[in-house]
Structure formats: C-alpha cells, structure tokens
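A.B. asks: The file below is start-v7.cif, mmCIF, C-alpha atoms:
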data_model
#
loop_
_atom_site.label_atom_id
_atom_site.label_comp_id
_atom_site.auth_asym_id
_atom_site.auth_seq_id
_atom_site.Cartn_x
_atom_site.Cartn_y
_atom_site.Cartn_z
CA MET W 143 -12.55 28.41 11.70
CA THR W 144 -9.98 25.73 12.35
CA GLU W 145 -11.04 22.15 12.78
CA ASP W 146 -9.43 20.00 15.40
CA ARG W 147 -6.57 18.11 13.83
CA LEU W 148 -5.34 14.73 14.90
CA ASP W 149 -2.40 15.19 17.23
CA LEU W 150 -0.32 12.12 17.98
CA PRO W 151 3.18 12.59 19.40
CA GLY W 152 5.93 12.04 16.85
CA THR W 153 3.43 11.28 14.10
CA PRO W 154 3.08 13.65 11.14
CA ILE W 155 -0.43 13.44 9.69
CA PHE W 156 -0.55 14.11 5.97
CA ASP W 157 -3.97 15.75 5.99
CA GLY W 158 -5.64 18.10 3.55
CA GLU W 159 -4.12 21.20 5.08
CA THR W 160 -0.63 19.69 4.93
CA SER W 161 -1.22 18.52 1.38
CA ARG W 162 -2.26 22.03 0.31
CA ARG W 163 0.87 23.45 1.86
CA GLY W 164 3.15 20.91 0.21
CA PHE W 165 1.34 20.67 -3.11
CA ARG W 166 3.97 22.37 -5.31
CA MET W 167 6.86 20.65 -3.54
CA ASN W 168 5.23 17.23 -3.81
CA LYS W 169 4.68 17.87 -7.52
CA LEU W 170 8.40 18.52 -7.84
CA PHE W 171 9.20 15.23 -6.10
CA MET W 172 6.75 13.38 -8.35
CA SER W 173 8.49 14.84 -11.42
CA LEU W 174 11.77 13.20 -10.40
CA ARG W 175 10.52 9.84 -11.67
CA THR W 176 11.96 10.57 -15.09
CA ALA W 177 15.69 10.64 -15.82
CA GLN W 178 15.26 13.77 -17.92
CA ASN W 179 13.77 15.71 -15.02
CA ARG W 180 16.41 14.43 -12.61
CA GLU W 181 19.09 15.73 -14.94
CA ARG W 182 17.40 19.12 -15.18
CA PHE W 183 16.97 19.25 -11.40
CA LEU W 184 20.60 18.38 -10.71
CA ALA W 185 21.83 20.90 -13.28
CA ASP W 186 20.19 23.80 -11.41
CA GLU W 187 18.22 22.80 -8.31
CA ALA W 188 17.20 26.33 -7.37
CA ALA W 189 15.86 27.10 -10.84
CA TYR W 190 13.97 23.81 -10.86
CA CYS W 191 12.42 24.66 -7.47
CA ALA W 192 11.44 28.10 -8.79
CA GLU W 193 9.88 26.51 -11.86
CA PHE W 194 7.66 24.41 -9.60
CA GLY W 195 6.77 27.42 -7.44
CA LEU W 196 8.19 26.26 -4.12
CA SER W 197 8.18 28.70 -1.22
CA ALA W 198 11.55 30.06 -0.11
CA GLU W 199 11.62 27.81 2.95
CA GLN W 200 10.63 24.75 0.91
CA GLN W 201 13.38 25.52 -1.58
CA THR W 202 15.92 25.82 1.25
CA ALA W 203 14.76 22.51 2.69
CA VAL W 204 15.14 20.80 -0.68
CA LEU W 205 18.53 22.33 -1.47
CA ASP W 206 19.85 21.52 2.03
CA ARG W 207 18.34 18.04 1.96
CA ASP W 208 16.64 18.89 5.25
CA TRP W 209 14.33 15.89 5.28
CA GLN W 210 12.55 16.83 8.49
CA ALA W 211 11.84 20.33 7.16
CA MET W 212 10.42 18.88 3.95
CA ILE W 213 7.95 16.86 6.02
CA ASP W 214 7.18 19.88 8.23
CA LEU W 215 6.55 22.03 5.14
CA GLY W 216 3.98 19.71 3.63
CA GLY W 217 5.95 16.91 2.05
CA SER W 218 4.35 13.47 1.89
CA ILE W 219 6.85 10.80 2.88
CA PHE W 220 6.05 8.87 -0.31
CA TYR W 221 6.88 11.94 -2.39
CA VAL W 222 9.89 13.07 -0.35
CA TYR W 223 11.22 9.55 -0.83
CA LYS W 224 11.56 10.20 -4.58
CA LEU W 225 14.24 12.78 -3.83
CA ALA W 226 15.87 10.48 -1.29
CA MET W 227 16.01 7.67 -3.86
CA MET W 228 17.62 10.01 -6.34
CA ASP W 229 20.29 10.72 -3.74
CA GLY W 230 20.75 6.98 -3.12
CA ARG W 231 19.19 7.25 0.34
CA SER W 232 17.06 4.46 1.80
CA MET W 233 13.95 4.61 3.95
CA GLN W 234 16.14 3.38 6.81
CA TYR W 235 18.40 6.38 6.28
CA LEU W 236 15.34 8.65 6.51
CA GLY W 237 14.18 6.77 9.61
CA GLY W 238 17.57 7.47 11.14
CA VAL W 239 17.14 11.18 10.37
CA PHE W 240 13.56 11.49 11.63
CA THR W 241 14.33 9.68 14.89
CA GLY W 242 17.75 11.25 15.40
CA MET W 243 19.16 7.72 15.79
CA GLY W 244 21.24 7.59 12.65
CA GLU W 245 20.81 4.97 9.94
CA GLU W 246 22.85 2.22 11.58
CA ASP W 247 21.07 2.31 14.94
CA PHE W 248 17.70 2.69 13.24
CA LEU W 249 18.35 -0.37 11.10
CA ALA W 250 19.51 -2.33 14.16
CA ALA W 251 16.32 -1.35 15.99
CA MET W 252 14.20 -2.53 13.06
CA ARG W 253 16.04 -5.84 12.90
CA ALA W 254 15.50 -6.24 16.63
CA GLY W 255 11.74 -6.11 16.03
CA GLY W 256 11.05 -2.44 15.53
CA ARG W 257 10.51 0.51 17.84
CA ARG W 258 7.77 0.65 20.46
CA ASP W 259 5.80 3.50 21.98
CA ASP W 260 7.26 2.91 25.44
CA GLY W 261 10.66 3.97 24.14
CA GLY W 262 12.08 0.46 24.41
CA GLN W 263 12.30 -2.07 21.65
CA MET X 97 -22.53 -16.30 -11.70
CA ALA X 98 -19.06 -15.40 -10.59
CA GLU X 99 -17.66 -16.71 -7.33
CA VAL X 100 -14.90 -15.52 -5.04
CA ILE X 101 -12.77 -18.59 -4.35
CA TRP X 102 -10.05 -17.08 -2.19
CA GLY X 103 -8.84 -13.96 -0.45
CA LEU X 104 -5.20 -13.13 0.11
CA ALA X 105 -3.98 -10.44 2.48
CA THR X 106 -0.38 -9.40 2.04
CA SER X 107 2.01 -6.54 2.66
CA HIS X 108 3.27 -4.69 -0.41
CA VAL X 109 6.59 -3.31 0.86
CA PRO X 110 8.68 -2.33 -2.19
CA SER X 111 11.81 -3.97 -0.81
CA ILE X 112 10.03 -7.36 -0.92
CA GLY X 113 9.77 -6.94 -4.68
CA ALA X 114 13.32 -5.62 -4.89
CA ALA X 115 14.63 -8.61 -2.93
CA MET X 116 12.94 -10.94 -5.44
CA ASP X 117 14.02 -8.93 -8.47
CA ARG X 118 17.65 -9.00 -7.28
CA GLY X 119 17.67 -12.70 -6.36
CA LYS X 120 17.99 -12.02 -2.63
CA ALA X 121 15.16 -14.27 -1.47
CA ASP X 122 17.69 -16.56 0.25
CA ASP X 123 19.55 -13.68 1.90
CA PRO X 124 19.57 -14.18 5.70
CA ASN X 125 17.61 -10.94 6.21
CA TRP X 126 14.86 -12.14 3.88
CA LYS X 127 14.77 -15.93 3.93
CA ALA X 128 12.28 -16.27 6.79
CA LEU X 129 9.86 -13.92 5.01
CA PHE X 130 9.93 -15.91 1.78
CA ASP X 131 9.84 -19.25 3.60
CA GLY X 132 6.68 -17.95 5.23
CA TYR X 133 5.13 -17.35 1.81
CA ALA X 134 5.81 -20.85 0.50
CA PRO X 135 2.69 -22.68 1.76
CA ALA X 136 0.41 -19.92 0.45
CA ARG X 137 2.16 -19.88 -2.90
CA ALA X 138 1.88 -23.64 -3.25
CA TRP X 139 -1.86 -23.55 -2.51
CA LEU X 140 -2.48 -20.59 -4.81
CA ALA X 141 -0.62 -22.31 -7.66
CA GLU X 142 -3.28 -25.04 -7.48
CA HIS X 143 -6.16 -22.55 -7.33
CA THR X 144 -5.70 -20.08 -10.17
CA PRO X 145 -8.86 -18.00 -10.58
CA ASP X 146 -10.24 -16.68 -13.86
CA VAL X 147 -9.82 -13.09 -12.64
CA ALA X 148 -8.18 -11.42 -9.64
CA ILE X 149 -8.91 -8.07 -8.00
CA VAL X 150 -6.11 -6.26 -6.20
CA VAL X 151 -7.17 -3.75 -3.55
CA TYR X 152 -4.21 -1.43 -3.22
CA ASN X 153 -2.91 2.10 -2.98
CA ASP X 154 -0.66 4.05 -5.28
CA HIS X 155 2.52 5.72 -3.97
CA ALA X 156 3.03 8.78 -6.20
CA ASN X 157 3.46 6.70 -9.36
CA GLY X 158 0.16 6.13 -11.16
CA ILE X 159 -1.58 9.20 -9.73
CA ASP X 160 -0.40 12.28 -7.85
CA LEU X 161 -2.05 14.71 -5.45
CA ASP X 162 -3.97 16.58 -8.19
CA PHE X 163 -6.72 14.04 -7.70
CA VAL X 164 -7.18 11.99 -4.57
CA PRO X 165 -9.96 9.50 -5.26
CA THR X 166 -11.08 7.79 -2.08
CA PHE X 167 -11.98 4.68 -4.05
CA GLY X 168 -11.25 3.96 -7.71
CA LEU X 169 -11.61 1.02 -10.07
CA GLY X 170 -9.74 0.30 -13.29
CA THR X 171 -11.72 -0.58 -16.40
CA ALA X 172 -8.80 -0.89 -18.82
CA GLU X 173 -7.71 -3.77 -21.01
CA ARG X 174 -4.13 -3.34 -19.82
CA TYR X 175 -2.26 -1.65 -17.00
CA ASP X 176 1.40 -0.86 -17.49
CA VAL X 177 3.87 -1.39 -14.68
CA ALA X 178 4.98 2.07 -13.48
CA ASP X 179 8.52 3.31 -13.61
CA GLU X 180 8.83 4.59 -10.03
CA GLY X 181 12.03 6.46 -10.83
CA PHE X 182 14.72 3.92 -11.59
CA GLY X 183 13.30 1.59 -14.15
CA ARG X 184 10.17 -0.49 -13.91
CA ARG X 185 10.15 -3.80 -12.07
CA PRO X 186 11.03 -6.66 -14.42
CA VAL X 187 7.56 -8.13 -14.21
CA PRO X 188 4.81 -8.42 -16.82
CA ASP X 189 2.33 -5.67 -17.55
CA VAL X 190 -1.14 -6.44 -16.31
CA VAL X 191 -3.98 -7.67 -18.48
CA GLY X 192 -7.31 -6.38 -17.21
CA HIS X 193 -10.87 -7.64 -17.48
CA PRO X 194 -12.94 -4.66 -18.66
CA GLU X 195 -16.23 -6.55 -18.80
CA LEU X 196 -16.10 -7.53 -15.14
CA SER X 197 -14.74 -4.07 -14.25
CA LEU X 198 -17.69 -2.32 -15.89
CA HIS X 199 -20.11 -4.65 -14.15
CA LEU X 200 -18.46 -3.92 -10.80
CA VAL X 201 -18.59 -0.16 -11.40
CA LYS X 202 -22.30 -0.29 -12.18
CA SER X 203 -23.15 -2.62 -9.32
CA LEU X 204 -21.15 -0.66 -6.78
CA ILE X 205 -22.48 2.72 -7.89
CA ASP X 206 -26.00 1.28 -7.76
CA GLU X 207 -25.16 0.39 -4.16
CA GLU X 208 -24.09 4.02 -3.63
CA PHE X 209 -20.33 3.45 -3.59
CA ASP X 210 -19.44 6.27 -5.97
CA LEU X 211 -16.15 5.04 -7.36
CA THR X 212 -13.76 6.97 -9.56
CA VAL X 213 -13.25 5.14 -12.86
CA PHE X 214 -9.74 4.73 -14.31
CA GLN X 215 -9.44 4.04 -18.05
CA GLU X 216 -5.69 4.41 -17.84
CA LEU X 217 -3.53 3.64 -14.85
CA ASP X 218 0.09 2.65 -14.34
CA VAL X 219 0.36 0.26 -11.41
CA ASP X 220 3.19 0.53 -8.90
CA HIS X 221 4.74 -1.70 -6.24
CA GLY X 222 1.55 -1.47 -4.20
CA PHE X 223 0.00 -3.60 -6.93
CA THR X 224 2.88 -5.65 -8.37
CA VAL X 225 4.49 -6.76 -5.10
CA PRO X 226 1.31 -8.57 -3.98
CA LEU X 227 1.17 -10.24 -7.41
CA SER X 228 4.78 -11.35 -6.88
CA VAL X 229 3.96 -12.63 -3.40
CA TRP X 230 1.30 -14.76 -5.07
CA THR X 231 3.31 -15.68 -8.19
CA PRO X 232 7.07 -15.35 -7.78
CA ASP X 233 7.93 -16.43 -11.32
CA PRO X 234 5.20 -15.20 -13.65
CA GLY X 235 7.20 -15.60 -16.85
CA ASP X 236 5.63 -13.55 -19.63
CA ALA X 237 2.26 -13.05 -17.99
CA TRP X 238 0.51 -13.05 -14.61
CA PRO X 239 -1.66 -16.11 -14.00
CA CYS X 240 -4.92 -14.36 -14.94
CA PRO X 241 -6.41 -10.94 -15.74
CA VAL X 242 -6.29 -8.55 -12.79
CA ILE X 243 -8.46 -5.56 -11.89
CA PRO X 244 -7.12 -2.72 -9.71
CA LEU X 245 -9.25 -1.30 -6.92
CA LEU X 246 -7.52 1.82 -5.62
CA VAL X 247 -7.94 3.19 -2.11
CA ASN X 248 -6.65 6.48 -0.77
CA VAL X 249 -4.66 5.59 2.32
CA ILE X 250 -1.92 8.22 2.09
CA GLN X 251 -3.87 11.46 2.52
CA TYR X 252 -5.92 11.95 5.67
CA PRO X 253 -8.89 11.52 5.96
CA GLN X 254 -8.69 8.01 4.62
CA PRO X 255 -12.00 6.14 4.27
CA THR X 256 -13.16 4.60 7.51
CA ALA X 257 -12.56 0.95 8.27
CA ALA X 258 -16.32 0.49 8.39
CA ARG X 259 -16.72 1.95 4.90
CA CYS X 260 -13.99 -0.31 3.57
CA TYR X 261 -15.63 -3.37 5.06
CA ALA X 262 -19.00 -2.33 3.63
CA LEU X 263 -17.42 -1.74 0.21
CA GLY X 264 -15.97 -5.22 0.38
CA GLN X 265 -19.37 -6.68 1.15
CA ALA X 266 -20.87 -4.80 -1.80
CA LEU X 267 -17.98 -5.98 -3.97
CA GLY X 268 -18.78 -9.57 -3.01
CA ARG X 269 -22.42 -9.06 -4.03
CA ALA X 270 -21.34 -7.37 -7.27
CA ILE X 271 -19.11 -10.31 -8.16
CA ARG X 272 -21.82 -12.84 -7.38
CA SER X 273 -24.26 -10.96 -9.62
CA TYR X 274 -21.99 -11.15 -12.68
CA PRO X 275 -23.82 -13.30 -15.24
CA GLU X 276 -20.83 -15.27 -16.48
CA ASP X 277 -19.38 -18.19 -14.53
CA LEU X 278 -16.02 -16.92 -13.33
CA THR X 279 -13.82 -17.70 -10.38
CA VAL X 280 -12.31 -14.69 -8.65
CA GLY X 281 -9.44 -14.20 -6.22
CA ILE X 282 -9.20 -11.01 -4.16
CA LEU X 283 -6.03 -9.52 -2.75
CA GLY X 284 -6.17 -7.04 0.12
CA THR X 285 -2.79 -5.41 0.41
CA GLY X 286 -0.62 -3.30 2.68
CA GLY X 287 0.30 -3.25 6.35
CA MET X 288 0.95 -4.41 8.87
CA SER X 289 2.00 -1.92 11.57
CA HIS X 290 4.54 0.67 10.43
CA GLN X 291 5.33 4.36 10.44
CA LEU X 292 7.78 6.00 8.06
CA ALA X 293 8.10 9.61 9.28
CA GLY X 294 8.26 11.52 12.57
CA THR X 295 10.18 10.72 15.72
CA ARG X 296 7.95 7.66 15.95
CA ALA X 297 9.34 6.27 12.66
CA GLY X 298 10.11 2.58 12.90
CA PHE X 299 7.10 1.98 15.12
CA ILE X 300 5.97 -1.67 15.12
CA ASN X 301 3.11 -3.07 17.20
CA PRO X 302 3.17 -6.89 17.21
CA GLU X 303 0.32 -7.17 19.72
CA PHE X 304 -1.96 -5.12 17.50
CA ASP X 305 -0.86 -7.06 14.43
CA ALA X 306 -1.59 -10.37 16.17
CA MET X 307 -5.03 -9.14 17.17
CA TRP X 308 -5.66 -7.97 13.58
CA MET X 309 -4.49 -11.25 12.09
CA GLU X 310 -6.86 -13.23 14.30
CA ALA X 311 -9.82 -10.92 13.83
CA ILE X 312 -9.51 -10.51 10.07
CA GLU X 313 -10.38 -14.21 9.87
CA LYS X 314 -12.91 -14.59 12.66
CA ASP X 315 -14.36 -11.20 13.51
CA PRO X 316 -13.72 -8.59 10.81
CA ALA X 317 -16.70 -6.55 12.02
CA ARG X 318 -14.69 -5.84 15.16
CA LEU X 319 -11.90 -4.37 13.04
CA ALA X 320 -14.41 -2.33 11.07
CA ARG X 321 -15.32 -0.53 14.29
CA LEU X 322 -11.80 0.84 14.76
CA SER X 323 -11.59 4.57 14.17
CA ARG X 324 -9.08 6.20 11.86
CA GLU X 325 -7.41 7.73 14.90
CA GLU X 326 -7.19 4.37 16.70
CA LEU X 327 -5.69 2.80 13.60
CA ILE X 328 -3.00 5.47 13.26
CA ALA X 329 -2.24 5.30 16.98
CA GLN X 330 -2.05 1.51 17.12
CA ALA X 331 -0.77 0.55 13.66
CA GLY X 332 1.23 3.69 12.81
CA SER X 333 0.56 6.48 10.35
CA GLU X 334 1.16 4.15 7.40
CA GLY X 335 -0.19 1.02 9.11
CA ILE X 336 -3.68 2.48 8.61
CA GLU X 337 -3.46 0.99 5.12
CA LEU X 338 -4.57 -2.27 6.75
CA ILE X 339 -8.10 -1.00 6.03
CA MET X 340 -7.54 -2.43 2.54
CA TRP X 341 -7.55 -5.93 4.04
CA LEU X 342 -11.13 -5.25 5.17
CA ILE X 343 -12.29 -4.69 1.58
CA MET X 344 -10.92 -8.12 0.65
CA ARG X 345 -12.43 -9.70 3.77
CA GLY X 346 -15.80 -8.07 3.22
CA ALA X 347 -16.04 -9.70 -0.20
CA LEU X 348 -15.61 -13.16 1.36
CA ASN X 349 -18.20 -15.22 3.19
CA ASP X 350 -18.70 -14.85 6.94
CA GLU X 351 -17.06 -18.25 7.43
CA VAL X 352 -13.74 -18.80 5.72
CA VAL X 353 -11.04 -21.40 6.13
CA LYS X 354 -7.58 -20.05 6.79
CA VAL X 355 -5.11 -21.82 4.54
CA HIS X 356 -2.01 -20.13 5.87
CA SER X 357 -0.73 -17.04 7.63
CA ASP X 358 2.64 -15.70 8.65
CA TYR X 359 4.20 -12.61 10.21
CA PHE X 360 7.68 -11.17 9.77
CA VAL X 361 9.57 -8.13 11.09
CA PRO X 362 11.13 -6.17 9.47
CA ALA X 363 10.51 -5.89 5.76
CA SER X 364 12.27 -2.55 5.36
CA ASN X 365 10.55 -0.46 8.09
CA THR X 366 7.40 -2.56 8.16
CA ALA X 367 5.84 -5.54 9.85
CA ALA X 368 4.93 -7.85 6.96
CA GLY X 369 1.93 -10.15 7.14
CA ILE X 370 0.34 -12.70 4.86
CA ALA X 371 -2.99 -14.46 5.31
CA LEU X 372 -4.73 -16.70 2.79
CA PHE X 373 -8.39 -17.68 3.09
CA ASP X 374 -10.32 -20.33 1.19
CA ASN X 375 -13.79 -18.92 0.53
CA ARG X 376 -15.45 -22.18 -0.43
CA ALA X 377 -16.28 -23.32 3.09
CA ALA X 378 -19.80 -24.54 3.81
CA GLN X 379 -21.75 -21.69 5.39
CA PRO X 380 -23.94 -22.14 8.46
CA ALA X 381 -27.58 -22.52 7.48
#
I need this file expressed as structure tokens, please.

C.D. replies:
Amino acid sequence: MTEDRLDLPGTPIFDGETSRRGFRMNKLFMSLRTAQNRERFLADEAAYCAEFGLSAEQQTAVLDRDWQAMIDLGGSIFYVYKLAMMDGRSMQYLGGVFTGMGEEDFLAAMRAGGRRDDGGQ
Amino acid sequence: MAEVIWGLATSHVPSIGAAMDRGKADDPNWKALFDGYAPARAWLAEHTPDVAIVVYNDHANGIDLDFVPTFGLGTAERYDVADEGFGRRPVPDVVGHPELSLHLVKSLIDEEFDLTVFQELDVDHGFTVPLSVWTPDPGDAWPCPVIPLLVNVIQYPQPTAARCYALGQALGRAIRSYPEDLTVGILGTGGMSHQLAGTRAGFINPEFDAMWMEAIEKDPARLARLSREELIAQAGSEGIELIMWLIMRGALNDEVVKVHSDYFVPASNTAAGIALFDNRAAQPA
C-alpha cells in the first residue's frame, strides 16, 4: 500500500520514504563536519562512498556534484549543504542550480525580494 | 512561581550569525536587518530573565537522522556550541538550568507531551543565532542559563501547528507551576517564508509573512489551524519551521504587548522576521 504523498510543484518533500532512501548518503554528508573525514573523503571519494554504503546512482551523484540528483535520491538539503560547504559553494549557488537560473541571477532575484509562485518577482 | 516575562520570535538564518561573526553588520546588504533588531535588543538588555528557553531545530549538527524526535528538551548543565564543519561560531557555550528542565519534562509528560530527553546536545546555528539576535556581544557568557527545546521541522511529517501551539500552552503552565520565583524569556525561532530546494527555491511570500506577523500577536489560534500542507504551500518547504513561533506564543498570555517587530528580505534565501512581546500586560478579567 502506498499512502498519498504531498505533491507541490517544484517542492521536494523530505518525508520518511525519502529519508529512508537517502539515509546512507545523508550519513556521509553528516560525517563531513570533521576535517579528518573531509580529508579521507577527498583522498578517495569513491571508496568513502562505498564505506558509507551509497547506491551506485547516489555515488555517481556525489562524485559528479549533481546537486539535483542528490536531492532526488533522498538527500536532505541541510545534509547536502555539508558537501556544498566543503566545496566552497553557497546556498545561493545551490538555488541557482535547482532553479536553473545560475547563482548570479538567483542572488539578484533574492535581493529583489525573492521569487514568487506566479513566476514573477 | 516562575513567570514568562517576554517572548521573542526570530529567524535563525546561519548567515545572520556569520555576518555578525565577520563584522559585516554594517555591510549594505545587512545593515537594514541589524538596524531592525536594535529596538528589540535595547529592550531585551533592560529585561534579562533568570532563564531562557530556545525553541529551535537542529540542522544535521547536534543530531542526525538516526533519531528524529518530534519534540525534545535538554536537561544538561551545559550545551557546547557545535562545529558545523568549519569551526564553531566564536560565541560562548551555553549554561543550562537542569532543575527547571527536569520540572518541565515532568510537567509536560504529565500533560501527555511525551518529549525526548537530551542529557547531551551540541547546539547549532538554529540555537546560537537567535541568542546573538538577542545579545550581539555576549562576552564570555550569555546573559542567563538557556534550555533547548528541539522540534523536528526538517523531516515530514512535522508536528502540526495545532500541536505546537498546545505544547506552548502546556509549557506556559509548566513554567508557572515551578516552585521557585524565576523570570523566563522564551524564544521561538526560524522562518519566515523560504524554500531551499526544488525549482521553487528562493520562494518568498511577503503577504503570508505579514498575515503571520499580525496573527502571531493577536490571533495565534488562527495560525494553529493551518495544516502542514498549507504551511508548506504558503511559507515554503522550509518556512514550515514557523510552527516553532507558535510554541513560544502558546507559552505567553492571550494578551501581549508587542514591543517591536521587523521584516527583512533576503537573509541568504530567507525572509527574516523578528517580533518581541512583553508578557506582563494586564489580562482581561
């Protein structure tokens, strides 16, 4: 049986099913809080992913820095952001990726008051 | 008996803390936000409570997804400031108040709010940024002991707005039933409208935020009727964390006096709000 899940356009919902799917990957992101783990990750990213038990597609998403795929494969934005921070990427950069706008236009839209549902600003 | 003397609602966006830590409060992108805090800070500096309670959520720093407590309360003597990945914020660790914590746990569980109890908890920006909004220059210590009240807002299903409001009301009763004379300040944190992921990232809803700001003072029961789905639709997938304001508001009296409020877009990808309420107003008979 599948329960009805909340479906809002353009809005990933980090629900229990998503969290189960992303559990190992989110644990990897959480581990990147320590410098020692970041060094181990950067030394051999694929081995580090294997150690945490990521699926093949999750590992590809992480290695390719495919931020949208990480979200689609169960990443929580707060956890994915740990990897982005390690790469020196901001939340505005990620916003630019998720919206397809690019960081500069995304930042300009935020400074103009944010984005609205009607597509305008 | 203990008494809640004020409630403060404030966003907890990490970049607000970073702007303060890096001396950027006068930067043109930030100045209006910090100017908007000034009247609340001045008032709060004259009204330091004996204990504060911060209603907040963790962001993959103090806890992970192994355990997702819907509501949790700290009972520790100290809470360390978390290292979120690149060094901890240069702010003091937090001194707790275990006696009041244990009283709150018992009172709330007796009222059938079955909290998770934390004897050890590192607190992240969700907790320390609101303290910095209150006290920009704490020196070696925050103004008083602080108790963390954790809420799951990052994994759906979050608690309902109604449950949060009811928890706040029970928290108010629990505080008032504490035998010692203490003054208490309560911080409800997070919000306002924002969404971090998806093609809808960057979503801001100033009309909803204005409605929320008005109603949190005058008609919080109206906000408590909003469904989880309505909150995500109208405030964004992360804006739902505004439910933590309802816990703070529920602990206050029906009639409060607004000391100050302000609204600013954008703090990072978020609409930032602040609202300060004096809880010592005369209540209608």

A.B. asks: State, in Å with one decimal place, the distance from atom CA of Pro186 of chain X to atom CA of Phe130 of chain X.

C.D. replies: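 Rounded to one decimal, the two atoms are 18.7 Å apart.
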
A.B. asks: Quick one: which residues from chain W are at most 9 Å off chain X, using only C-alpha atoms, as a VMD selection string?

C.D. replies: chain W and resid 148 150 to 158 161 165 168 to 169 171 to 172 174 to 177 210 213 218 to 221 224 227 to 228 233 to 234 236 to 242 248 to 249 251 to 259

A.B. asks: Find the residues around segment 187-189 of chain W up to 9 Å (only C-alpha atoms counted), leave out those fewer than 3 positions away in its own chain, and share them as a list in words.

C.D. replies: Arg182, Phe183, Leu184, Ala192, Glu193, Phe194, Gln201, Thr202, Val204 and Leu205 of chain W

A.B. asks: Please indicate the distance in Å from atom CA of Phe223 of chain X to atom CA of Tyr175 of chain X, rounded to one decimal place.

C.D. replies: 10.5 Å

A.B. asks: With 5 Å of padding per side, what axis-aligned box (centre and edge lengths, Å, one decimal) covers all the listed atoms of segment 287-305 of chain X? Give it as lines of an AutoDock Vina configuration file.

C.D. replies:
center_x = 4.1
center_y = 2.2
center_z = 13.0
size_x = 22.1
size_y = 28.7
size_z = 23.4

A.B. asks: Can you spell out as a ChimeraX atom specification the set of residues that the PyMOL selection byres ((chain X and resi 221) around 10) selects in the structure I just provided?

C.D. replies: /X:108-114,152-155,157,177-180,184-185,219-220,222-228

A.B. asks: Please, could you write that set of residues out with C-alpha atoms as a PDB file, keeping the file's coordinate frame?

C.D. replies:
ATOM      1  CA  HIS X 108       3.270  -4.690  -0.410  1.00  0.00           C
ATOM      2  CA  VAL X 109       6.590  -3.310   0.860  1.00  0.00           C
ATOM      3  CA  PRO X 110       8.680  -2.330  -2.190  1.00  0.00           C
ATOM      4  CA  SER X 111      11.810  -3.970  -0.810  1.00  0.00           C
ATOM      5  CA  ILE X 112      10.030  -7.360  -0.920  1.00  0.00           C
ATOM      6  CA  GLY X 113       9.770  -6.940  -4.680  1.00  0.00           C
ATOM      7  CA  ALA X 114      13.320  -5.620  -4.890  1.00  0.00           C
ATOM      8  CA  TYR X 152      -4.210  -1.430  -3.220  1.00  0.00           C
ATOM      9  CA  ASN X 153      -2.910   2.100  -2.980  1.00  0.00           C
ATOM     10  CA  ASP X 154      -0.660   4.050  -5.280  1.00  0.00           C
ATOM     11  CA  HIS X 155       2.520   5.720  -3.970  1.00  0.00           C
ATOM     12  CA  ASN X 157       3.460   6.700  -9.360  1.00  0.00           C
ATOM     13  CA  VAL X 177       3.870  -1.390 -14.680  1.00  0.00           C
ATOM     14  CA  ALA X 178       4.980   2.070 -13.480  1.00  0.00           C
ATOM     15  CA  ASP X 179       8.520   3.310 -13.610  1.00  0.00           C
ATOM     16  CA  GLU X 180       8.830   4.590 -10.030  1.00  0.00           C
ATOM     17  CA  ARG X 184      10.170  -0.490 -13.910  1.00  0.00           C
ATOM     18  CA  ARG X 185      10.150  -3.800 -12.070  1.00  0.00           C
ATOM     19  CA  VAL X 219       0.360   0.260 -11.410  1.00  0.00           C
ATOM     20  CA  ASP X 220       3.190   0.530  -8.900  1.00  0.00           C
ATOM     21  CA  GLY X 222       1.550  -1.470  -4.200  1.00  0.00           C
ATOM     22  CA  PHE X 223       0.000  -3.600  -6.930  1.00  0.00           C
ATOM     23  CA  THR X 224       2.880  -5.650  -8.370  1.00  0.00           C
ATOM     24  CA  VAL X 225       4.490  -6.760  -5.100  1.00  0.00           C
ATOM     25  CA  PRO X 226       1.310  -8.570  -3.980  1.00  0.00           C
ATOM     26  CA  LEU X 227       1.170 -10.240  -7.410  1.00  0.00           C
ATOM     27  CA  SER X 228       4.780 -11.350  -6.880  1.00  0.00           C
TER      28      SER X 228
END

A.B. asks: Can you tell me how far atom CA of Gly158 of chain X sits from atom CA of Tyr223 of chain W, in Å to one decimal?

C.D. replies: 15.5 Å

A.B. asks: Applied to the shown file, which residues does the PyMOL selection byres ((chain X and resi 246) around 10) return, written as an MDAnalysis selection string?

C.D. replies: chainID X and resid 150:154 165:170 211:214 219 222:223 243:245 247:249 340

A.B. asks: Output C-alpha atoms of each residue in that selection to a file, as an mmCIF file, in the coordinates of the input.

C.D. replies:
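Final output, part25.cif:
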data_model
loop_
_atom_site.group_PDB
_atom_site.id
_atom_site.type_symbol
_atom_site.label_atom_id
_atom_site.label_comp_id
_atom_site.auth_asym_id
_atom_site.auth_seq_id
_atom_site.Cartn_x
_atom_site.Cartn_y
_atom_site.Cartn_z
ATOM 1 C CA VAL X 150 -6.110 -6.260 -6.200
ATOM 2 C CA VAL X 151 -7.170 -3.750 -3.550
ATOM 3 C CA TYR X 152 -4.210 -1.430 -3.220
ATOM 4 C CA ASN X 153 -2.910 2.100 -2.980
ATOM 5 C CA ASP X 154 -0.660 4.050 -5.280
ATOM 6 C CA PRO X 165 -9.960 9.500 -5.260
ATOM 7 C CA THR X 166 -11.080 7.790 -2.080
ATOM 8 C CA PHE X 167 -11.980 4.680 -4.050
ATOM 9 C CA GLY X 168 -11.250 3.960 -7.710
ATOM 10 C CA LEU X 169 -11.610 1.020 -10.070
ATOM 11 C CA GLY X 170 -9.740 0.300 -13.290
ATOM 12 C CA LEU X 211 -16.150 5.040 -7.360
ATOM 13 C CA THR X 212 -13.760 6.970 -9.560
ATOM 14 C CA VAL X 213 -13.250 5.140 -12.860
ATOM 15 C CA PHE X 214 -9.740 4.730 -14.310
ATOM 16 C CA VAL X 219 0.360 0.260 -11.410
ATOM 17 C CA GLY X 222 1.550 -1.470 -4.200
ATOM 18 C CA PHE X 223 0.000 -3.600 -6.930
ATOM 19 C CA ILE X 243 -8.460 -5.560 -11.890
ATOM 20 C CA PRO X 244 -7.120 -2.720 -9.710
ATOM 21 C CA LEU X 245 -9.250 -1.300 -6.920
ATOM 22 C CA VAL X 247 -7.940 3.190 -2.110
ATOM 23 C CA ASN X 248 -6.650 6.480 -0.770
ATOM 24 C CA VAL X 249 -4.660 5.590 2.320
ATOM 25 C CA MET X 340 -7.540 -2.430 2.540
#
